[in-house]
file target_16.cif (mmCIF, C-alpha atoms)
data_structure
loop_
_atom_site.group_PDB
_atom_site.id
_atom_site.type_symbol
_atom_site.label_atom_id
_atom_site.label_comp_id
_atom_site.auth_asym_id
_atom_site.auth_seq_id
_atom_site.Cartn_x
_atom_site.Cartn_y
_atom_site.Cartn_z
ATOM 1 C CA MET A 1 -44.989 -12.173 32.681
ATOM 2 C CA SER A 2 -46.664 -8.755 32.719
ATOM 3 C CA ASP A 3 -47.180 -6.835 29.497
ATOM 4 C CA PRO A 4 -44.491 -4.304 28.556
ATOM 5 C CA LEU A 5 -45.336 -0.609 28.692
ATOM 6 C CA VAL A 6 -43.928 -0.009 25.191
ATOM 7 C CA SER A 7 -44.026 -2.130 22.038
ATOM 8 C CA ILE A 8 -41.747 -1.204 19.144
ATOM 9 C CA VAL A 9 -43.255 -2.319 15.839
ATOM 10 C CA LEU A 10 -41.002 -2.657 12.782
ATOM 11 C CA LEU A 11 -42.173 -3.274 9.211
ATOM 12 C CA THR A 12 -39.373 -4.964 7.297
ATOM 13 C CA ARG A 13 -38.410 -6.231 3.888
ATOM 14 C CA ASN A 14 -34.797 -6.818 2.890
ATOM 15 C CA GLY A 15 -33.641 -4.401 5.581
ATOM 16 C CA GLY A 16 -29.938 -5.193 5.360
ATOM 17 C CA ALA A 17 -27.341 -3.331 7.407
ATOM 18 C CA GLY A 18 -29.632 -0.378 8.204
ATOM 19 C CA LEU A 19 -32.160 -2.610 9.927
ATOM 20 C CA ARG A 20 -29.456 -4.378 11.919
ATOM 21 C CA GLU A 21 -28.115 -1.033 13.090
ATOM 22 C CA LEU A 22 -31.620 0.005 14.156
ATOM 23 C CA VAL A 23 -32.296 -3.187 16.113
ATOM 24 C CA GLU A 24 -28.915 -3.034 17.834
ATOM 25 C CA SER A 25 -29.600 0.592 18.748
ATOM 26 C CA ILE A 26 -32.965 -0.381 20.239
ATOM 27 C CA GLY A 27 -31.159 -2.899 22.414
ATOM 28 C CA LEU A 28 -28.935 -0.128 23.795
ATOM 29 C CA GLN A 29 -31.742 2.235 24.822
ATOM 30 C CA ARG A 30 -31.756 3.454 28.432
ATOM 31 C CA THR A 31 -35.290 3.367 29.905
ATOM 32 C CA ASP A 32 -37.101 2.931 33.198
ATOM 33 C CA PHE A 33 -39.848 0.815 31.606
ATOM 34 C CA SER A 34 -40.186 -2.569 29.934
ATOM 35 C CA SER A 35 -40.437 -2.906 26.167
ATOM 36 C CA GLU A 36 -40.650 -5.457 23.358
ATOM 37 C CA VAL A 37 -39.885 -5.529 19.630
ATOM 38 C CA VAL A 38 -42.479 -6.896 17.189
ATOM 39 C CA VAL A 39 -41.651 -7.295 13.493
ATOM 40 C CA VAL A 40 -43.928 -7.727 10.488
ATOM 41 C CA ASP A 41 -41.833 -8.907 7.538
ATOM 42 C CA SER A 42 -43.305 -8.828 4.048
ATOM 43 C CA GLY A 43 -41.161 -11.229 2.084
ATOM 44 C CA SER A 44 -37.487 -10.602 2.839
ATOM 45 C CA THR A 45 -35.082 -12.669 0.733
ATOM 46 C CA ASP A 46 -31.720 -11.213 1.850
ATOM 47 C CA GLY A 47 -31.340 -12.985 5.185
ATOM 48 C CA THR A 48 -33.222 -10.305 7.117
ATOM 49 C CA LEU A 49 -35.852 -12.739 8.383
ATOM 50 C CA GLU A 50 -33.324 -15.259 9.661
ATOM 51 C CA TRP A 51 -31.279 -12.528 11.366
ATOM 52 C CA LEU A 52 -34.372 -11.129 13.081
ATOM 53 C CA GLN A 53 -35.361 -14.560 14.347
ATOM 54 C CA ARG A 54 -31.902 -14.952 15.933
ATOM 55 C CA SER A 55 -31.704 -11.458 17.418
ATOM 56 C CA PRO A 56 -31.983 -11.311 21.223
ATOM 57 C CA HIS A 57 -33.679 -7.918 20.906
ATOM 58 C CA VAL A 58 -36.642 -9.164 18.828
ATOM 59 C CA ASN A 59 -39.587 -10.773 20.632
ATOM 60 C CA LEU A 60 -41.923 -11.692 17.768
ATOM 61 C CA VAL A 61 -41.664 -11.968 13.983
ATOM 62 C CA GLU A 62 -44.852 -12.099 11.890
ATOM 63 C CA ARG A 63 -44.600 -12.978 8.200
ATOM 64 C CA ILE A 64 -46.944 -11.805 5.427
ATOM 65 C CA PRO A 65 -46.755 -12.161 1.614
ATOM 66 C CA PRO A 66 -45.386 -9.080 -0.187
ATOM 67 C CA ALA A 67 -48.693 -8.541 -1.987
ATOM 68 C CA GLN A 68 -50.467 -8.231 1.356
ATOM 69 C CA PHE A 69 -48.434 -5.198 2.470
ATOM 70 C CA ASN A 70 -50.330 -1.944 2.969
ATOM 71 C CA HIS A 71 -49.134 1.149 4.818
ATOM 72 C CA GLY A 72 -52.227 1.252 7.004
ATOM 73 C CA THR A 73 -53.382 -2.320 7.541
ATOM 74 C CA THR A 74 -49.898 -3.826 7.943
ATOM 75 C CA ARG A 75 -49.202 -1.382 10.754
ATOM 76 C CA ASN A 76 -52.531 -2.402 12.278
ATOM 77 C CA LEU A 77 -51.400 -6.037 12.170
ATOM 78 C CA GLY A 78 -48.170 -5.204 13.972
ATOM 79 C CA ILE A 79 -50.034 -3.296 16.684
ATOM 80 C CA GLN A 80 -52.500 -6.152 17.075
ATOM 81 C CA ARG A 81 -49.599 -8.548 17.701
ATOM 82 C CA ALA A 82 -47.998 -6.163 20.207
ATOM 83 C CA ARG A 83 -48.863 -5.964 23.901
ATOM 84 C CA GLY A 84 -47.774 -2.501 25.050
ATOM 85 C CA ALA A 85 -50.084 0.329 26.077
ATOM 86 C CA LEU A 86 -47.813 2.588 24.004
ATOM 87 C CA VAL A 87 -46.722 1.548 20.503
ATOM 88 C CA VAL A 88 -43.685 2.951 18.719
ATOM 89 C CA LEU A 89 -43.721 2.662 14.935
ATOM 90 C CA VAL A 90 -40.380 3.011 13.161
ATOM 91 C CA VAL A 91 -39.298 2.222 9.599
ATOM 92 C CA GLN A 92 -36.448 -0.194 9.027
ATOM 93 C CA ASP A 93 -33.864 2.385 7.920
ATOM 94 C CA ALA A 94 -34.364 5.021 10.647
ATOM 95 C CA VAL A 95 -31.578 4.835 13.221
ATOM 96 C CA PRO A 96 -31.794 6.579 16.632
ATOM 97 C CA THR A 97 -29.103 9.168 17.308
ATOM 98 C CA ALA A 98 -28.904 8.580 21.078
ATOM 99 C CA ASP A 99 -29.567 5.970 23.740
ATOM 100 C CA ASP A 100 -32.370 8.055 25.296
ATOM 101 C CA TRP A 101 -34.339 8.316 22.023
ATOM 102 C CA LEU A 102 -37.033 5.877 23.126
ATOM 103 C CA ALA A 103 -37.523 7.408 26.570
ATOM 104 C CA ARG A 104 -37.850 10.902 25.124
ATOM 105 C CA LEU A 105 -40.246 9.824 22.360
ATOM 106 C CA VAL A 106 -42.750 8.177 24.716
ATOM 107 C CA ALA A 107 -42.454 10.764 27.506
ATOM 108 C CA PRO A 108 -45.348 13.011 26.347
ATOM 109 C CA LEU A 109 -47.775 10.067 26.331
ATOM 110 C CA ARG A 110 -46.634 8.925 29.767
ATOM 111 C CA SER A 111 -47.139 12.356 31.290
ATOM 112 C CA ASP A 112 -50.389 13.517 29.676
ATOM 113 C CA PRO A 113 -53.359 11.280 28.764
ATOM 114 C CA ARG A 114 -54.596 13.889 26.287
ATOM 115 C CA VAL A 115 -51.632 13.182 23.987
ATOM 116 C CA ALA A 116 -52.618 10.536 21.441
ATOM 117 C CA GLY A 117 -49.314 10.402 19.604
ATOM 118 C CA SER A 118 -45.829 11.807 19.273
ATOM 119 C CA PHE A 119 -43.227 11.766 16.533
ATOM 120 C CA CYS A 120 -39.529 12.498 16.478
ATOM 121 C CA ARG A 121 -37.053 14.623 14.598
ATOM 122 C CA GLN A 122 -35.461 13.368 11.372
ATOM 123 C CA ARG A 123 -31.872 14.155 10.444
ATOM 124 C CA PRO A 124 -30.266 13.503 7.034
ATOM 125 C CA ARG A 125 -27.767 10.715 6.528
ATOM 126 C CA ALA A 126 -24.131 11.774 6.525
ATOM 127 C CA ASP A 127 -23.871 10.897 2.822
ATOM 128 C CA ALA A 128 -27.165 12.545 1.770
ATOM 129 C CA ARG A 129 -27.012 14.694 -1.338
ATOM 130 C CA ALA A 130 -27.360 18.456 -1.167
ATOM 131 C CA ILE A 131 -30.930 18.741 -2.482
ATOM 132 C CA THR A 132 -32.126 15.988 -0.138
ATOM 133 C CA VAL A 133 -30.564 17.799 2.825
ATOM 134 C CA HIS A 134 -32.076 21.140 1.812
ATOM 135 C CA TYR A 135 -35.642 19.884 1.611
ATOM 136 C CA LEU A 136 -35.426 17.792 4.775
ATOM 137 C CA GLU A 137 -34.102 20.736 6.760
ATOM 138 C CA GLN A 138 -37.048 22.899 5.647
ATOM 139 C CA TRP A 139 -39.612 20.369 6.882
ATOM 140 C CA ALA A 140 -41.462 20.729 10.181
ATOM 141 C CA GLY A 141 -40.320 17.239 11.192
ATOM 142 C CA ALA A 142 -36.685 18.384 11.163
ATOM 143 C CA SER A 143 -37.162 21.466 13.329
ATOM 144 C CA ALA A 144 -35.203 21.947 16.550
ATOM 145 C CA GLU A 145 -38.316 23.412 18.203
ATOM 146 C CA PRO A 146 -40.766 21.063 20.012
ATOM 147 C CA ARG A 147 -44.485 21.691 19.670
ATOM 148 C CA ARG A 148 -47.869 20.393 20.715
ATOM 149 C CA VAL A 149 -50.909 20.610 18.462
ATOM 150 C CA SER A 150 -54.582 20.440 19.395
ATOM 151 C CA LEU A 151 -57.630 21.882 17.671
ATOM 152 C CA ASP A 152 -60.373 24.252 18.705
ATOM 153 C CA LEU A 153 -63.209 21.862 17.900
ATOM 154 C CA HIS A 154 -65.629 24.749 17.400
ATOM 155 C CA ALA A 155 -63.439 26.254 14.685
ATOM 156 C CA VAL A 156 -61.936 23.161 13.063
ATOM 157 C CA HIS A 157 -64.134 23.384 9.965
ATOM 158 C CA ASP A 158 -63.053 26.992 9.433
ATOM 159 C CA LEU A 159 -59.451 25.939 8.808
ATOM 160 C CA ASP A 160 -58.279 26.284 5.226
ATOM 161 C CA PRO A 161 -56.726 23.203 3.562
ATOM 162 C CA GLY A 162 -53.157 24.326 4.211
ATOM 163 C CA ALA A 163 -53.838 24.917 7.910
ATOM 164 C CA ARG A 164 -55.420 21.481 8.204
ATOM 165 C CA LEU A 165 -52.341 19.841 6.731
ATOM 166 C CA GLN A 166 -50.017 21.866 8.955
ATOM 167 C CA ALA A 167 -51.962 20.833 12.065
ATOM 168 C CA CYS A 168 -51.766 17.165 11.013
ATOM 169 C CA THR A 169 -48.003 17.046 10.521
ATOM 170 C CA PHE A 170 -47.221 13.565 11.853
ATOM 171 C CA ASP A 171 -44.856 10.913 10.545
ATOM 172 C CA ASN A 172 -44.765 7.156 11.035
ATOM 173 C CA VAL A 173 -41.109 7.082 10.048
ATOM 174 C CA CYS A 174 -40.819 7.222 13.829
ATOM 175 C CA SER A 175 -43.885 7.790 15.990
ATOM 176 C CA CYS A 176 -45.523 6.662 19.218
ATOM 177 C CA LEU A 177 -49.258 5.953 19.540
ATOM 178 C CA ARG A 178 -51.467 5.396 22.543
ATOM 179 C CA ARG A 179 -53.005 1.956 22.047
ATOM 180 C CA SER A 180 -56.369 2.949 23.549
ATOM 181 C CA VAL A 181 -56.665 5.744 20.969
ATOM 182 C CA TRP A 182 -55.566 3.457 18.116
ATOM 183 C CA GLU A 183 -58.291 0.989 19.143
ATOM 184 C CA ARG A 184 -60.826 3.751 18.454
ATOM 185 C CA PHE A 185 -59.003 5.004 15.362
ATOM 186 C CA PRO A 186 -57.053 2.225 13.623
ATOM 187 C CA PHE A 187 -55.169 3.079 10.447
ATOM 188 C CA GLN A 188 -57.142 3.001 7.220
ATOM 189 C CA GLU A 189 -56.180 0.924 4.194
ATOM 190 C CA THR A 190 -54.326 3.378 1.988
ATOM 191 C CA VAL A 191 -51.444 3.595 -0.479
ATOM 192 C CA ILE A 192 -49.853 6.531 1.362
ATOM 193 C CA ALA A 193 -50.293 9.075 4.182
ATOM 194 C CA GLU A 194 -51.869 6.747 6.731
ATOM 195 C CA ASP A 195 -50.175 8.863 9.407
ATOM 196 C CA LEU A 196 -51.685 12.175 8.252
ATOM 197 C CA GLU A 197 -55.144 10.653 8.031
ATOM 198 C CA TRP A 198 -54.837 9.190 11.542
ATOM 199 C CA ALA A 199 -53.601 12.514 12.910
ATOM 200 C CA TRP A 200 -56.570 14.376 11.410
ATOM 201 C CA ARG A 201 -59.048 11.936 12.930
ATOM 202 C CA VAL A 202 -57.588 12.004 16.439
ATOM 203 C CA LEU A 203 -57.230 15.779 16.458
ATOM 204 C CA GLN A 204 -60.899 16.116 15.534
ATOM 205 C CA ALA A 205 -61.703 13.773 18.425
ATOM 206 C CA GLY A 206 -60.126 16.237 20.871
ATOM 207 C CA PHE A 207 -56.698 14.671 21.408
ATOM 208 C CA ALA A 208 -53.300 16.362 21.093
ATOM 209 C CA LEU A 209 -50.193 15.415 19.106
ATOM 210 C CA GLU A 210 -46.625 16.270 20.061
ATOM 211 C CA TYR A 211 -43.440 16.739 18.062
ATOM 212 C CA VAL A 212 -40.455 15.691 20.178
ATOM 213 C CA ALA A 213 -37.462 17.582 18.822
ATOM 214 C CA ASP A 214 -34.973 16.103 21.299
ATOM 215 C CA ALA A 215 -35.684 12.552 20.113
ATOM 216 C CA ALA A 216 -34.122 12.033 16.693
ATOM 217 C CA VAL A 217 -33.434 9.421 14.047
ATOM 218 C CA VAL A 218 -31.175 9.521 11.020
ATOM 219 C CA HIS A 219 -33.365 8.964 7.983
ATOM 220 C CA SER A 220 -33.219 10.288 4.423
ATOM 221 C CA HIS A 221 -33.418 9.022 0.847
ATOM 222 C CA ASP A 222 -31.714 10.117 -2.368
ATOM 223 C CA ARG A 223 -34.424 8.793 -4.658
ATOM 224 C CA SER A 224 -34.660 9.080 -8.431
ATOM 225 C CA ALA A 225 -36.780 11.708 -10.153
ATOM 226 C CA GLY A 226 -39.087 8.981 -11.476
ATOM 227 C CA TYR A 227 -39.743 7.593 -8.018
ATOM 228 C CA GLU A 228 -40.330 11.070 -6.587
ATOM 229 C CA LEU A 229 -42.802 11.877 -9.361
ATOM 230 C CA ALA A 230 -44.846 8.766 -8.579
ATOM 231 C CA ARG A 231 -44.706 9.243 -4.802
ATOM 232 C CA THR A 232 -45.561 12.955 -4.979
ATOM 233 C CA TYR A 233 -48.475 12.256 -7.298
ATOM 234 C CA LEU A 234 -49.934 9.677 -4.878
ATOM 235 C CA LEU A 235 -49.359 11.924 -1.863
ATOM 236 C CA HIS A 236 -51.053 14.952 -3.383
ATOM 237 C CA HIS A 237 -53.940 12.880 -4.647
ATOM 238 C CA ARG A 238 -54.415 11.839 -1.015
ATOM 239 C CA LEU A 239 -53.974 15.378 0.325
ATOM 240 C CA PHE A 240 -56.843 16.575 -1.820
ATOM 241 C CA GLU A 241 -59.030 13.705 -0.613
ATOM 242 C CA LEU A 242 -58.203 14.419 3.034
ATOM 243 C CA PHE A 243 -58.036 18.209 3.148
ATOM 244 C CA GLY A 244 -59.147 19.558 -0.226
ATOM 245 C CA LEU A 245 -55.578 20.801 -0.751
ATOM 246 C CA ARG A 246 -54.149 21.621 -4.178
ATOM 247 C CA THR A 247 -50.696 23.150 -3.872
ATOM 248 C CA ILE A 248 -50.328 23.726 -7.642
ATOM 249 C CA PRO A 249 -53.861 24.134 -9.026
ATOM 250 C CA ARG A 250 -53.200 25.612 -12.500
ATOM 251 C CA ALA A 251 -50.862 24.965 -15.420
ATOM 252 C CA ARG A 252 -49.321 28.422 -15.129
ATOM 253 C CA ASP A 253 -48.630 27.736 -11.446
ATOM 254 C CA LEU A 254 -46.882 24.540 -12.509
ATOM 255 C CA ALA A 255 -44.638 26.422 -14.952
ATOM 256 C CA ARG A 256 -43.661 28.927 -12.264
ATOM 257 C CA ALA A 257 -43.014 26.147 -9.742
ATOM 258 C CA ILE A 258 -40.724 24.271 -12.154
ATOM 259 C CA ALA A 259 -38.796 27.468 -12.936
ATOM 260 C CA SER A 260 -38.293 28.375 -9.264
ATOM 261 C CA SER A 261 -37.370 24.778 -8.362
ATOM 262 C CA THR A 262 -34.818 24.706 -11.161
ATOM 263 C CA ARG A 263 -33.138 27.865 -9.854
ATOM 264 C CA LEU A 264 -33.130 26.515 -6.290
ATOM 265 C CA HIS A 265 -31.750 23.110 -7.239
ATOM 266 C CA LEU A 266 -28.952 24.533 -9.360
ATOM 267 C CA GLN A 267 -28.002 26.849 -6.491
ATOM 268 C CA CYS A 268 -27.963 23.886 -4.093
ATOM 269 C CA GLU A 269 -25.621 22.036 -6.423
ATOM 270 C CA ARG A 270 -23.307 25.046 -6.797
ATOM 271 C CA ASP A 271 -23.177 25.639 -3.035
ATOM 272 C CA ALA A 272 -22.487 21.966 -2.344
ATOM 273 C CA ARG A 273 -19.604 21.841 -4.804
ATOM 274 C CA HIS A 274 -18.144 25.021 -3.337
ATOM 275 C CA GLU A 275 -18.385 23.646 0.224
ATOM 276 C CA GLY A 276 -17.126 20.173 -0.686
ATOM 277 C CA ARG A 277 -20.421 18.442 0.120
ATOM 278 C CA ARG A 278 -21.979 15.619 -1.880
ATOM 279 C CA THR A 279 -23.932 16.614 -4.972
ATOM 280 C CA GLY A 280 -26.420 14.646 -7.030
ATOM 281 C CA GLY A 281 -25.467 15.955 -10.440
ATOM 282 C CA ILE A 282 -27.157 18.475 -12.716
ATOM 283 C CA GLY A 283 -29.318 15.830 -14.395
ATOM 284 C CA ARG A 284 -30.871 14.696 -11.127
ATOM 285 C CA ALA A 285 -31.273 18.295 -9.961
ATOM 286 C CA LEU A 286 -33.216 19.207 -13.099
ATOM 287 C CA GLY A 287 -35.232 15.983 -13.003
ATOM 288 C CA LEU A 288 -36.385 16.642 -9.442
ATOM 289 C CA ALA A 289 -37.178 20.260 -10.318
ATOM 290 C CA VAL A 290 -39.775 18.890 -12.732
ATOM 291 C CA ALA A 291 -40.843 15.759 -10.831
ATOM 292 C CA TRP A 292 -41.925 17.344 -7.561
ATOM 293 C CA PRO A 293 -44.086 20.169 -8.998
ATOM 294 C CA LEU A 294 -45.508 17.913 -11.715
ATOM 295 C CA GLY A 295 -46.456 15.264 -9.154
ATOM 296 C CA GLN A 296 -48.216 17.887 -7.031
ATOM 297 C CA TYR A 297 -50.110 19.240 -10.016
ATOM 298 C CA LEU A 298 -51.181 15.870 -11.445
ATOM 299 C CA GLY A 299 -52.103 14.393 -8.064
ATOM 300 C CA GLY A 300 -54.317 17.305 -7.089
ATOM 301 C CA LEU A 301 -55.839 17.516 -10.568
ATOM 302 C CA SER A 302 -56.800 13.847 -10.752
ATOM 303 C CA ALA A 303 -58.265 13.851 -7.235
ATOM 304 C CA SER A 304 -60.248 17.023 -7.900
ATOM 305 C CA ARG A 305 -61.806 15.288 -10.898
ATOM 306 C CA GLY A 306 -62.788 12.282 -8.802
ATOM 307 C CA LEU A 307 -60.366 9.926 -10.548
ATOM 308 C CA LYS A 308 -58.780 6.966 -8.807
ATOM 309 C CA PRO A 309 -55.006 7.297 -8.441
ATOM 310 C CA VAL A 310 -52.720 5.543 -10.876
ATOM 311 C CA ARG A 311 -50.635 2.959 -8.988
ATOM 312 C CA TRP A 312 -46.904 2.393 -9.352
ATOM 313 C CA ARG A 313 -45.440 -0.908 -8.195
ATOM 314 C CA THR A 314 -42.333 0.764 -6.859
ATOM 315 C CA VAL A 315 -44.073 3.151 -4.418
#
call {"tool": "encode", "arguments": {"input": "target_16.cif", "output": "structure tokens"}}
result
Amino acid sequence: MSDPLVSIVLLTRNGGAGLRELVESIGLQRTDFSSEVVVVDSGSTDGTLEWLQRSPHVNLVERIPPAQFNHGTTRNLGIQRARGALVVLVVQDAVPTADDWLARLVAPLRSDPRVAGSFCRQRPRADARAITVHYLEQWAGASAEPRRVSLDLHAVHDLDPGARLQACTFDNVCSCLRRSVWERFPFQETVIAEDLEWAWRVLQAGFALEYVADAAVVHSHDRSAGYELARTYLLHHRLFELFGLRTIPRARDLARAIASSTRLHLQCERDARHEGRRTGGIGRALGLAVAWPLGQYLGGLSASRGLKPVRWRTV
């Protein structure tokens, strides 16, 4: 049997109904190429593993201990077990919105060898809370406008930290990689932002990245303020290491950011109540108004001082 053109790699752990919906959706995709589904499961205990092993849409299931999971190296393992020249990475709770999602996502890599990777649009869940919807809709990975990014290699070092991050917008929630490029630039072992780091490396090597706005998945999270504080801290520690970026460099900037976030979040809650949409409550709104700016400030501060990041088990 010849190798498939596309391998879809899923990282799973206790995926539940969302994962089953994703796998069933993969089975319904309309394509003119062959594909396979490869799963790396890191310790499911809810029946996910047994369901995956029975699914007619899954070709291979690899098992690893939970302690072995890493955002970079576990994805490398999945790609190593896959056979396709193009590899789609998708998280277990991202569900395609159409049956041509896969074809549209891989199309830029099929048509242009200069494209190293693509990623798709993210839409909020129908039951997402107002603040979650607001922030997701402001993000570049939710835009209705497609784009291609490449760098002028003579001017790349003149980019300021913010421009570097903007150029590297890339998201392994749902992405497609060219295997030959990944073989040169595998993911690094990291607690977060393996996708941004990979994007920065391949852009500097002269490749292009493409955002495919007409391929979309439903994916959003209404996380607690505590979780968001920990995640934002780790992310901004990494952003300083990668790009030298500090979004909130001083204590007075932090105070202003918390005040403006508080006003925004309360307005989101008021608008949602008025329009009959789901709210998260005033307590959560205020908690997130502190958590996100504080995480940015502490992450950038600790990285700028050369400190190793504090680890949270839950992130």
call {"tool": "residues_around", "arguments": {"input": "target_16.cif", "residues": "Trp51 (chain A)", "least_positions_apart": "4", "cutoff": "12 Å", "atoms": "all atoms listed in the file", "output": "NGL selection string"}}
result
:A and (12 or 14-17 or 19-20 or 23-24 or 39 or 41 or 44-47 or 55-58 or 61)
call {"tool": "write_last_selection", "arguments": {"input": "target_16.cif", "atoms": "C-alpha atoms", "output": "PDB file, in the frame of the given file"}}
result
ATOM      1  CA  THR A  12     -39.373  -4.964   7.297  1.00  0.00           C
ATOM      2  CA  ASN A  14     -34.797  -6.818   2.890  1.00  0.00           C
ATOM      3  CA  GLY A  15     -33.641  -4.401   5.581  1.00  0.00           C
ATOM      4  CA  GLY A  16     -29.938  -5.193   5.360  1.00  0.00           C
ATOM      5  CA  ALA A  17     -27.341  -3.331   7.407  1.00  0.00           C
ATOM      6  CA  LEU A  19     -32.160  -2.610   9.927  1.00  0.00           C
ATOM      7  CA  ARG A  20     -29.456  -4.378  11.919  1.00  0.00           C
ATOM      8  CA  VAL A  23     -32.296  -3.187  16.113  1.00  0.00           C
ATOM      9  CA  GLU A  24     -28.915  -3.034  17.834  1.00  0.00           C
ATOM     10  CA  VAL A  39     -41.651  -7.295  13.493  1.00  0.00           C
ATOM     11  CA  ASP A  41     -41.833  -8.907   7.538  1.00  0.00           C
ATOM     12  CA  SER A  44     -37.487 -10.602   2.839  1.00  0.00           C
ATOM     13  CA  THR A  45     -35.082 -12.669   0.733  1.00  0.00           C
ATOM     14  CA  ASP A  46     -31.720 -11.213   1.850  1.00  0.00           C
ATOM     15  CA  GLY A  47     -31.340 -12.985   5.185  1.00  0.00           C
ATOM     16  CA  SER A  55     -31.704 -11.458  17.418  1.00  0.00           C
ATOM     17  CA  PRO A  56     -31.983 -11.311  21.223  1.00  0.00           C
ATOM     18  CA  HIS A  57     -33.679  -7.918  20.906  1.00  0.00           C
ATOM     19  CA  VAL A  58     -36.642  -9.164  18.828  1.00  0.00           C
ATOM     20  CA  VAL A  61     -41.664 -11.968  13.983  1.00  0.00           C
TER      21      VAL A  61
END
call {"tool": "resolve_selection", "arguments": {"input": "target_16.cif", "expression": "the PyMOL selection byres ((chain A and resi 245) around 8)", "output": "list in words"}}
result
Pro161, Gly162, His236, Leu239, Phe240, Glu241, Leu242, Phe243, Gly244, Arg246, Thr247 and Gly300 of chain A
call {"tool": "residues_around", "arguments": {"input": "target_16.cif", "residues": "Leu22 (chain A)", "least_positions_apart": "6", "cutoff": "8 Å", "atoms": "only C-alpha atoms", "output": "NGL selection string"}}
result
:A and (92-96)
call {"tool": "resolve_selection", "arguments": {"input": "target_16.cif", "expression": "the PyMOL selection byres ((chain A and resi 113-128) around 8)", "output": "PyMOL selection string"}}
result
chain A and resi 105-106+108-112+129-130+132-133+136-137+141-144+170-172+174-178+181+202+207-222+278
call {"tool": "atom_distance", "arguments": {"input": "target_16.cif", "atom1": "CA of Ala199 (chain A)", "atom2": "CA of Ile8 (chain A)"}}
result
19.2 Å
call {"tool": "residues_around", "arguments": {"input": "target_16.cif", "residues": "Gly84 (chain A)", "least_positions_apart": "3", "cutoff": "8 Å", "atoms": "all atoms listed in the file", "output": "list of chain:residue names"}}
result
A:Asp3, A:Pro4, A:Leu5, A:Val6, A:Ser7, A:Ser35, A:Glu36, A:Val87, A:Arg179
call {"tool": "atom_distance", "arguments": {"input": "target_16.cif", "atom1": "CA of Gly72 (chain A)", "atom2": "CA of Arg164 (chain A)"}}
result
20.5 Å
call {"tool": "residues_around", "arguments": {"input": "target_16.cif", "residues": "Thr31 (chain A)", "least_positions_apart": "3", "cutoff": "9 Å", "atoms": "all atoms listed in the file", "output": "list of chain:residue names"}}
result
A:Ser34, A:Ser35, A:Asp99, A:Asp100, A:Leu102, A:Ala103
call {"tool": "atom_distance", "arguments": {"input": "target_16.cif", "atom1": "CA of Asp195 (chain A)", "atom2": "CA of Thr169 (chain A)"}}
result
8.5 Å
call {"tool": "closest_residue", "arguments": {"input": "target_16.cif", "among": "A:Ile192, A:Leu254, A:Leu89, A:Leu288", "to": "Leu301 (chain A)", "atoms": "all atoms listed in the file"}}
result
A:Leu254
call {"tool": "residues_around", "arguments": {"input": "target_16.cif", "residues": "His71 (chain A)", "least_positions_apart": "6", "cutoff": "9 Å", "atoms": "all atoms listed in the file", "output": "list in words"}}
result
Phe187, Gln188, Glu189, Thr190, Val191, Ile192, Ala193 and Glu194 of chain A
call {"tool": "resolve_selection", "arguments": {"input": "target_16.cif", "expression": "the PyMOL selection byres ((chain A and resi 232) around 12)", "output": "ChimeraX atom specification"}}
result
/A:191-193,223,225-231,233-239,247,288,290-300,309-312,315
call {"tool": "closest_residue", "arguments": {"input": "target_16.cif", "among": "A:Val149, A:Ala289, A:Ala155, A:Cys268", "to": "Ala255 (chain A)", "atoms": "only C-alpha atoms"}}
result
A:Ala289
call {"tool": "closest_residue", "arguments": {"input": "target_16.cif", "among": "A:Pro65, A:Trp139, A:Val37, A:Asn76", "to": "Gln53 (chain A)", "atoms": "all atoms listed in the file"}}
result
A:Val37
call {"tool": "closest_residue", "arguments": {"input": "target_16.cif", "among": "A:Phe33, A:Arg273, A:Val40, A:Ala82", "to": "Ala107 (chain A)", "atoms": "only C-alpha atoms"}}
result
A:Phe33
call {"tool": "closest_residue", "arguments": {"input": "target_16.cif", "among": "A:Ala205, A:Leu165, A:Leu49, A:Ala98", "to": "Gly27 (chain A)", "atoms": "all atoms listed in the file"}}
result
A:Ala98
